[in-house]
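See structure below.
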Amino acid sequence: MFDLLKLVENQVLLLDGAMGTELIRSGLPPGHCPEAWNEEKPEAVAAIHLSYLAAGSRAILTNSFGGNRLKLASYGLENRAYDLNFQAARIARSVCPDGCYVGGSIGPTGKFLQPVG
């Protein structure tokens, strides 16, 4: 079993940075679903991961921050949550070398739940 606390006990674990910002820099159109690029432009997502690894990151997060059904519904992709998240993990794992780690990025739903919303 992976023990994160033991890993960082005596060393610094540098994580990656903003995936969304880098996707926009790579050409993601305004209003387009970032997670859709896991299938549409996997090479762009992989290149972003690789750039963070080359900069010294030892852990990268999947391109899945908005990969939940509620958030994906705003793009008409609510039934694609599993596939888009699976692809996000596949891409990250495919470029992650030994000694580095992949984490799943899970963002908010973007909706208030009852009794607040």
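Note on naming: chains are A, B, ... as they come in the structure tokens, residues start from 1 per chain, ligands start from 1 in the order shown.
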Which residues are close to region 28-39 of chain A, i.e. within 6 Å by only C-alpha atoms, leaving aside same-chain residues fewer than 2 positions away? Reply as a PyMOL selection string.
chain A and resi 23-24+41-42+64+87-88
What residues in chain A get the DSSP label helix (DSSP H, G or I)? Please answer as a PyMOL selection string. chain A and resi 4-8+19-25+34-40+42-54+69-75+78-95
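For the residues A:Leu7, A:Gly107, A:Thr62, A:Gly99, ranking by smallest atom-to-atom distance to Phe86 (chain A) using only C-alpha atoms places A:Thr62 first.
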Self-check item: Residue among A:Lys6, A:Arg25, A:Lys111, A:Arg93 lying closest to Arg69 (chain A), counting only C-alpha atoms
Solution: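 Going through A:Lys6, A:Arg25, A:Lys111, A:Arg93 one by one, the smallest distance to Arg69 (chain A) is for A:Lys111.
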I want to know what sits within 9 Å of Gly104 (chain A), based on only C-alpha atoms, with residues of the same chain fewer than 2 positions away left out; could you give that as a VMD selection string? chain A and resid 60 to 65 85 88 to 89 102 106
Restricting the output to N, CA and C atoms, write the selected residues as a compact mmCIF listing (two decimals), in the first residue's frame.
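Listed below is the output, again14.txt:
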# COMPACT_ATOMS: atom_id res chain seq x y z
N ILE A 60 2.08 14.26 -10.54
CA ILE A 60 1.21 14.99 -11.45
C ILE A 60 -0.23 14.60 -11.16
N LEU A 61 -1.12 15.54 -11.40
CA LEU A 61 -2.55 15.29 -11.19
C LEU A 61 -3.24 15.12 -12.54
N THR A 62 -4.20 14.23 -12.58
CA THR A 62 -4.93 13.96 -13.81
C THR A 62 -5.71 15.19 -14.27
N ASN A 63 -6.00 15.24 -15.56
CA ASN A 63 -6.83 16.30 -16.13
C ASN A 63 -8.29 15.92 -15.92
N SER A 64 -8.73 16.02 -14.67
CA SER A 64 -10.08 15.57 -14.32
C SER A 64 -10.74 16.45 -13.27
N PHE A 65 -10.26 17.68 -13.10
CA PHE A 65 -10.77 18.58 -12.06
C PHE A 65 -12.29 18.77 -12.16
N ASN A 85 -12.61 10.43 -17.24
CA ASN A 85 -11.72 10.25 -16.09
C ASN A 85 -10.75 9.09 -16.31
N ALA A 88 -8.10 10.37 -18.52
CA ALA A 88 -7.22 11.28 -17.78
C ALA A 88 -6.16 10.49 -17.01
N ALA A 89 -6.59 9.42 -16.35
CA ALA A 89 -5.66 8.58 -15.60
C ALA A 89 -4.71 7.85 -16.53
N VAL A 102 1.12 9.66 -9.73
CA VAL A 102 -0.07 10.24 -10.34
C VAL A 102 -1.15 10.31 -9.28
N ILE A 106 -9.80 16.03 -8.27
CA ILE A 106 -11.25 16.04 -8.07
C ILE A 106 -11.66 17.42 -7.61
- Task: Could you give me, as an NGL selection string, the residues within 9 Å of Gly56 (chain A), counting only C-alpha atoms and dropping anything in the same chain fewer than 6 positions from it?
- Result: :A and (14-16)
Inset, instruction - Pick out the residues sitting within 7 Å of Ala46 (chain A), and hand them over as a ChimeraX atom specification; count only C-alpha atoms, and ignore anything fewer than 2 positions along from it in its own chain. - result: /A:42-44,48-50,91-92,95
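Separating CA of Leu113 (chain A) from CA of Gly17 (chain A) is a distance of 28.9 Å.
Atom pair CA of Tyr82 (chain A) / CA of Phe2 (chain A) has a distance of 23.7 Å (rounded to one decimal).
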- Of the candidates A:Ala55, A:Lys71, A:Ser105, A:Leu84, which one gets nearest to Met19 (chain A) if we count only C-alpha atoms?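 So, comparing all the options, the nearest one is A:Ser105.
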Can you check which residues of chain A DSSP gives as strand (DSSP E) on the backbone and send them as a ChimeraX atom specification? /A:59-61,101-103
